[in-house]
$ cat final-v2.cif   # mmCIF, C-alpha atoms
data_input
loop_
_atom_site.group_PDB
_atom_site.id
_atom_site.type_symbol
_atom_site.label_atom_id
_atom_site.label_comp_id
_atom_site.auth_asym_id
_atom_site.auth_seq_id
_atom_site.Cartn_x
_atom_site.Cartn_y
_atom_site.Cartn_z
ATOM 1 C CA MET X 213 -3.581 11.893 19.326
ATOM 2 C CA ALA X 214 -2.784 8.185 19.151
ATOM 3 C CA SER X 215 -4.850 5.678 21.065
ATOM 4 C CA GLU X 216 -3.254 3.270 23.458
ATOM 5 C CA ILE X 217 -3.041 -0.231 22.034
ATOM 6 C CA ASP X 218 -2.925 -2.871 24.743
ATOM 7 C CA ASP X 219 -2.110 -6.577 24.312
ATOM 8 C CA THR X 220 -5.743 -7.461 23.603
ATOM 9 C CA ASP X 221 -6.017 -4.774 20.911
ATOM 10 C CA ALA X 222 -2.764 -6.066 19.406
ATOM 11 C CA ARG X 223 -4.172 -9.618 19.255
ATOM 12 C CA ILE X 224 -7.356 -8.315 17.586
ATOM 13 C CA LEU X 225 -5.354 -6.298 15.050
ATOM 14 C CA THR X 226 -3.058 -9.229 14.276
ATOM 15 C CA VAL X 227 -6.013 -11.503 13.511
ATOM 16 C CA LEU X 228 -7.921 -8.876 11.505
ATOM 17 C CA GLN X 229 -4.880 -8.092 9.344
ATOM 18 C CA LYS X 230 -4.789 -11.714 8.240
ATOM 19 C CA GLN X 231 -8.518 -12.504 8.299
ATOM 20 C CA GLY X 232 -10.431 -9.288 7.684
ATOM 21 C CA ARG X 233 -13.729 -11.094 7.087
ATOM 22 C CA ILE X 234 -13.672 -13.153 10.282
ATOM 23 C CA SER X 235 -16.939 -13.022 12.198
ATOM 24 C CA ASN X 236 -17.013 -11.127 15.480
ATOM 25 C CA ALA X 237 -17.851 -14.359 17.328
ATOM 26 C CA ASP X 238 -14.828 -16.167 15.845
ATOM 27 C CA LEU X 239 -12.576 -13.168 16.461
ATOM 28 C CA ALA X 240 -13.729 -12.946 20.073
ATOM 29 C CA GLU X 241 -12.957 -16.645 20.553
ATOM 30 C CA LYS X 242 -9.470 -16.297 19.016
ATOM 31 C CA VAL X 243 -8.549 -13.366 21.286
ATOM 32 C CA ASN X 244 -10.281 -14.764 24.372
ATOM 33 C CA LEU X 245 -12.967 -12.075 24.821
ATOM 34 C CA SER X 246 -16.730 -12.038 24.985
ATOM 35 C CA ALA X 247 -18.374 -11.165 21.672
ATOM 36 C CA SER X 248 -19.720 -7.859 23.028
ATOM 37 C CA ALA X 249 -16.349 -6.775 24.474
ATOM 38 C CA CYS X 250 -14.643 -7.709 21.205
ATOM 39 C CA HIS X 251 -17.196 -5.746 19.182
ATOM 40 C CA ARG X 252 -16.675 -2.657 21.385
ATOM 41 C CA ARG X 253 -12.903 -2.858 20.969
ATOM 42 C CA VAL X 254 -13.099 -3.252 17.194
ATOM 43 C CA ALA X 255 -15.537 -0.321 16.997
ATOM 44 C CA ARG X 256 -13.094 1.830 19.038
ATOM 45 C CA LEU X 257 -10.154 0.785 16.833
ATOM 46 C CA GLU X 258 -12.204 1.789 13.777
ATOM 47 C CA ARG X 259 -13.384 5.064 15.330
ATOM 48 C CA ASP X 260 -9.797 5.974 16.294
ATOM 49 C CA GLN X 261 -8.760 5.091 12.724
ATOM 50 C CA ILE X 262 -6.213 2.545 13.868
ATOM 51 C CA ILE X 263 -8.197 0.292 11.534
ATOM 52 C CA ARG X 264 -8.435 2.507 8.448
ATOM 53 C CA ASP X 265 -10.296 0.207 6.079
ATOM 54 C CA TYR X 266 -11.100 -3.339 5.042
ATOM 55 C CA VAL X 267 -10.017 -4.494 1.597
ATOM 56 C CA ALA X 268 -9.848 -7.529 -0.667
ATOM 57 C CA LEU X 269 -6.289 -8.434 -1.657
ATOM 58 C CA LEU X 270 -6.137 -9.642 -5.251
ATOM 59 C CA ASP X 271 -3.789 -12.174 -6.822
ATOM 60 C CA PRO X 272 -1.776 -10.104 -9.332
ATOM 61 C CA ARG X 273 -1.415 -13.081 -11.693
ATOM 62 C CA LYS X 274 -5.170 -13.627 -11.857
ATOM 63 C CA VAL X 275 -5.799 -9.989 -12.819
ATOM 64 C CA ASP X 276 -2.967 -9.923 -15.398
ATOM 65 C CA ARG X 277 -0.581 -7.756 -13.359
ATOM 66 C CA PRO X 278 2.200 -10.217 -12.416
ATOM 67 C CA THR X 279 5.111 -7.857 -13.157
ATOM 68 C CA THR X 280 6.306 -5.551 -10.371
ATOM 69 C CA VAL X 281 8.648 -2.688 -11.199
ATOM 70 C CA PHE X 282 10.282 -0.313 -8.727
ATOM 71 C CA VAL X 283 10.907 3.071 -10.304
ATOM 72 C CA GLU X 284 13.281 5.630 -8.788
ATOM 73 C CA ILE X 285 12.470 9.159 -9.866
ATOM 74 C CA THR X 286 14.644 12.231 -9.540
ATOM 75 C CA LEU X 287 12.931 15.564 -10.050
ATOM 76 C CA SER X 288 14.357 18.674 -11.689
ATOM 77 C CA GLY X 289 13.957 20.657 -8.460
ATOM 78 C CA GLN X 290 12.818 20.518 -4.847
ATOM 79 C CA ALA X 291 10.448 23.505 -4.769
ATOM 80 C CA ASP X 292 7.084 22.815 -3.164
ATOM 81 C CA GLU X 293 5.309 23.503 -6.476
ATOM 82 C CA VAL X 294 7.409 20.827 -8.252
ATOM 83 C CA LEU X 295 6.805 18.248 -5.518
ATOM 84 C CA ASP X 296 3.085 19.062 -5.273
ATOM 85 C CA ALA X 297 2.563 18.850 -9.039
ATOM 86 C CA PHE X 298 4.372 15.503 -9.224
ATOM 87 C CA GLU X 299 2.458 14.044 -6.268
ATOM 88 C CA ARG X 300 -0.885 15.232 -7.627
ATOM 89 C CA GLU X 301 -0.292 13.655 -11.061
ATOM 90 C CA VAL X 302 1.306 10.378 -9.945
ATOM 91 C CA ARG X 303 -1.850 9.558 -7.921
ATOM 92 C CA LEU X 304 -3.793 9.429 -11.194
ATOM 93 C CA ILE X 305 -1.816 6.507 -12.657
ATOM 94 C CA PRO X 306 -3.712 3.321 -11.708
ATOM 95 C CA GLU X 307 -0.693 1.040 -12.159
ATOM 96 C CA VAL X 308 1.235 2.948 -9.466
ATOM 97 C CA LEU X 309 0.412 1.144 -6.221
ATOM 98 C CA GLU X 310 2.783 3.081 -3.966
ATOM 99 C CA CYS X 311 4.682 6.364 -4.109
ATOM 100 C CA HIS X 312 7.236 7.243 -1.440
ATOM 101 C CA LEU X 313 9.129 10.511 -0.989
ATOM 102 C CA MET X 314 12.676 9.372 -0.298
ATOM 103 C CA ALA X 315 15.856 10.524 1.385
ATOM 104 C CA GLY X 316 18.887 9.525 -0.650
ATOM 105 C CA THR X 317 19.759 9.618 -4.325
ATOM 106 C CA ALA X 318 16.214 9.469 -5.740
ATOM 107 C CA ASP X 319 13.397 11.816 -4.790
ATOM 108 C CA TYR X 320 10.614 9.242 -5.128
ATOM 109 C CA LEU X 321 10.277 5.479 -5.238
ATOM 110 C CA LEU X 322 7.245 4.060 -7.037
ATOM 111 C CA LYS X 323 5.884 0.525 -6.987
ATOM 112 C CA VAL X 324 4.284 -0.147 -10.355
ATOM 113 C CA VAL X 325 2.444 -3.238 -11.599
ATOM 114 C CA ALA X 326 2.182 -4.305 -15.221
ATOM 115 C CA ALA X 327 1.153 -7.266 -17.333
ATOM 116 C CA ASP X 328 4.679 -7.680 -18.739
ATOM 117 C CA THR X 329 7.676 -5.685 -19.975
ATOM 118 C CA GLU X 330 5.779 -4.403 -23.027
ATOM 119 C CA ASP X 331 2.949 -3.195 -20.812
ATOM 120 C CA PHE X 332 5.459 -1.453 -18.540
ATOM 121 C CA ALA X 333 7.010 0.223 -21.598
ATOM 122 C CA ARG X 334 3.521 1.575 -22.427
ATOM 123 C CA ILE X 335 3.008 2.804 -18.836
ATOM 124 C CA HIS X 336 6.463 4.387 -18.889
ATOM 125 C CA ARG X 337 5.925 6.142 -22.220
ATOM 126 C CA ARG X 338 2.314 7.273 -21.719
ATOM 127 C CA SER X 339 2.273 8.034 -17.998
ATOM 128 C CA LEU X 340 5.551 8.041 -16.091
ATOM 129 C CA ALA X 341 7.582 10.001 -18.670
ATOM 130 C CA ARG X 342 4.854 12.674 -18.730
ATOM 131 C CA LEU X 343 4.876 13.329 -14.986
ATOM 132 C CA PRO X 344 5.756 16.964 -14.192
ATOM 133 C CA GLY X 345 9.279 17.812 -13.072
ATOM 134 C CA VAL X 346 10.883 14.439 -13.839
ATOM 135 C CA ALA X 347 14.585 14.761 -14.629
ATOM 136 C CA GLN X 348 15.593 11.089 -14.379
ATOM 137 C CA MET X 349 14.027 7.660 -13.969
ATOM 138 C CA GLN X 350 15.549 4.282 -13.169
ATOM 139 C CA SER X 351 13.430 1.128 -13.287
ATOM 140 C CA SER X 352 14.175 -2.188 -11.591
ATOM 141 C CA PHE X 353 12.094 -5.256 -12.367
ATOM 142 C CA ALA X 354 11.353 -7.667 -9.519
ATOM 143 C CA LEU X 355 12.349 -11.163 -10.630
ATOM 144 C CA ARG X 356 10.414 -12.945 -7.898
ATOM 145 C CA THR X 357 8.513 -11.926 -4.789
ATOM 146 C CA VAL X 358 10.123 -13.805 -1.907
ATOM 147 C CA PHE X 359 7.418 -12.717 0.524
ATOM 148 C CA LYS X 360 4.880 -9.947 0.799
ATOM 149 C CA THR X 361 2.608 -8.878 3.602
ATOM 150 C CA THR X 362 0.265 -6.052 4.408
ATOM 151 C CA ALA X 363 0.262 -6.891 8.125
ATOM 152 C CA LEU X 364 2.018 -4.370 10.378
ATOM 153 C CA PRO X 365 3.664 -5.688 13.527
ATOM 154 C CA VAL X 366 1.639 -4.649 16.592
#

$ encode --input "final-v2.cif" --output "C-alpha cells"
Amino acid sequence: MASEIDDTDARILTVLQKQGRISNADLAEKVNLSASACHRRVARLERDQIIRDYVALLDPRKVDRPTTVFVEITLSGQADEVLDAFEREVRLIPEVLECHLMAGTADYLLKVVAADTEDFARIHRRSLARLPGVAQMQSSFALRTVFKTTALPV
C-alpha cells in the first residue's frame, strides 16, 4: 500500500534527490520544518520505502565509461522460461545499467556503458551475444547526453 505524500514530503524528496548527503538541520531549514519533525518524516519515507536507498553518482568519464549504448533485444520466444532465463543472466553483466521489458518491436531495451566502441564490441561478443534466447540485437550509440537526471518528479 502506497503512503500518502503531502507537499512537505514532496519538498523533502525533491531536495534529497539532488543533495542526498545534506544534513538533517539543513534539510529542515530548506523545507521549513523543525529538525525533529524533518527527521521523523525522512524516517517514515525510508520505512515506507519511498526512499529506497542513498547512492553516490559517479562521473562516467572519470571511471572510463563515457560511452553509452542502447541495445534493443528481441528474444526467440515469449515463454516465461525464456524471459526468466534472459532476465536472470542479464543482471550479471556489470556494464548493463538498466534493462527494461518493452512493448513494441523489441522485447528488451538495455542501457550499457563502455569505455569506447572496442570495449562495447568486447561486451557484445563476450556477454550480450551469449544471453539465453536472443534472436536479434540492435545497438545505438549515444553521441552526446543532452541531460540526465535521477530525480523523479514529486

$ resolve_selection --input "final-v2.cif" --expression "the PyMOL selection byres ((chain X and resi 281) around 6)" --output "ChimeraX atom specification"
/X:280,282,323-324,352-354

$ resolve_selection --input "final-v2.cif" --expression "the PyMOL selection byres ((chain X and resi 257) around 12)" --output "PDB file with C-alpha atoms, in the frame of the given file"
ATOM      1  CA  ALA X 214      -2.784   8.185  19.151  1.00  0.00           C
ATOM      2  CA  SER X 215      -4.850   5.678  21.065  1.00  0.00           C
ATOM      3  CA  GLU X 216      -3.254   3.270  23.458  1.00  0.00           C
ATOM      4  CA  ILE X 217      -3.041  -0.231  22.034  1.00  0.00           C
ATOM      5  CA  ASP X 218      -2.925  -2.871  24.743  1.00  0.00           C
ATOM      6  CA  THR X 220      -5.743  -7.461  23.603  1.00  0.00           C
ATOM      7  CA  ASP X 221      -6.017  -4.774  20.911  1.00  0.00           C
ATOM      8  CA  ALA X 222      -2.764  -6.066  19.406  1.00  0.00           C
ATOM      9  CA  ILE X 224      -7.356  -8.315  17.586  1.00  0.00           C
ATOM     10  CA  LEU X 225      -5.354  -6.298  15.050  1.00  0.00           C
ATOM     11  CA  LEU X 228      -7.921  -8.876  11.505  1.00  0.00           C
ATOM     12  CA  CYS X 250     -14.643  -7.709  21.205  1.00  0.00           C
ATOM     13  CA  HIS X 251     -17.196  -5.746  19.182  1.00  0.00           C
ATOM     14  CA  ARG X 252     -16.675  -2.657  21.385  1.00  0.00           C
ATOM     15  CA  ARG X 253     -12.903  -2.858  20.969  1.00  0.00           C
ATOM     16  CA  VAL X 254     -13.099  -3.252  17.194  1.00  0.00           C
ATOM     17  CA  ALA X 255     -15.537  -0.321  16.997  1.00  0.00           C
ATOM     18  CA  ARG X 256     -13.094   1.830  19.038  1.00  0.00           C
ATOM     19  CA  GLU X 258     -12.204   1.789  13.777  1.00  0.00           C
ATOM     20  CA  ARG X 259     -13.384   5.064  15.330  1.00  0.00           C
ATOM     21  CA  ASP X 260      -9.797   5.974  16.294  1.00  0.00           C
ATOM     22  CA  GLN X 261      -8.760   5.091  12.724  1.00  0.00           C
ATOM     23  CA  ILE X 262      -6.213   2.545  13.868  1.00  0.00           C
ATOM     24  CA  ILE X 263      -8.197   0.292  11.534  1.00  0.00           C
ATOM     25  CA  ARG X 264      -8.435   2.507   8.448  1.00  0.00           C
ATOM     26  CA  ASP X 265     -10.296   0.207   6.079  1.00  0.00           C
TER      27      ASP X 265
END

$ atom_distance --input "final-v2.cif" --atom1 "atom CA of X:Tyr266" --atom2 "atom CA of X:Leu309"
16.7 Å

$ closest_residue --input "final-v2.cif" --among "X:Pro344, X:Pro278, X:Gly289, X:Pro365" --to "X:Thr329" --atoms "only C-alpha atoms"
X:Pro278

$ atom_distance --input "final-v2.cif" --atom1 "atom CA of X:Glu330" --atom2 "atom CA of X:Lys274"
18.2 Å

$ residues_around --input "final-v2.cif" --residues "X:Ala341" --least-positions-apart "4" --cutoff "12 Å" --atoms "all atoms listed in the file" --output "number ranges by chain"
X: 283, 285-287, 298, 301-302, 305, 332-337, 345-351

$ atom_distance --input "final-v2.cif" --atom1 "atom CA of X:Val267" --atom2 "atom CA of X:Lys230"
11.1 Å

$ closest_residue --input "final-v2.cif" --among "X:Pro306, X:Leu355, X:His312, X:Leu340" --to "X:Asp328" --atoms "all atoms listed in the file"
X:Leu355

$ closest_residue --input "final-v2.cif" --among "X:Lys242, X:Arg277, X:Arg233, X:Arg356" --to "X:Asp331" --atoms "only C-alpha atoms"
X:Arg277

$ closest_residue --input "final-v2.cif" --among "X:Gly232, X:Glu310, X:Leu364, X:Ala247" --to "X:Val325" --atoms "all atoms listed in the file"
X:Glu310

$ closest_residue --input "final-v2.cif" --among "X:Ala318, X:Val358, X:Ala327, X:Leu343" --to "X:Val275" --atoms "all atoms listed in the file"
X:Ala327

$ axis_aligned_box --input "final-v2.cif" --around "stretch 255-265 of chain X" --padding-each-side "4 Å" --output "JSON"
{"center_x": -10.9, "center_y": 2.8, "center_z": 12.6, "size_x": 17.3, "size_y": 14.3, "size_z": 21.0}

$ closest_residue --input "final-v2.cif" --among "X:Arg300, X:Leu295, X:Asp219, X:Phe359" --to "X:Leu313" --atoms "all atoms listed in the file"
X:Leu295
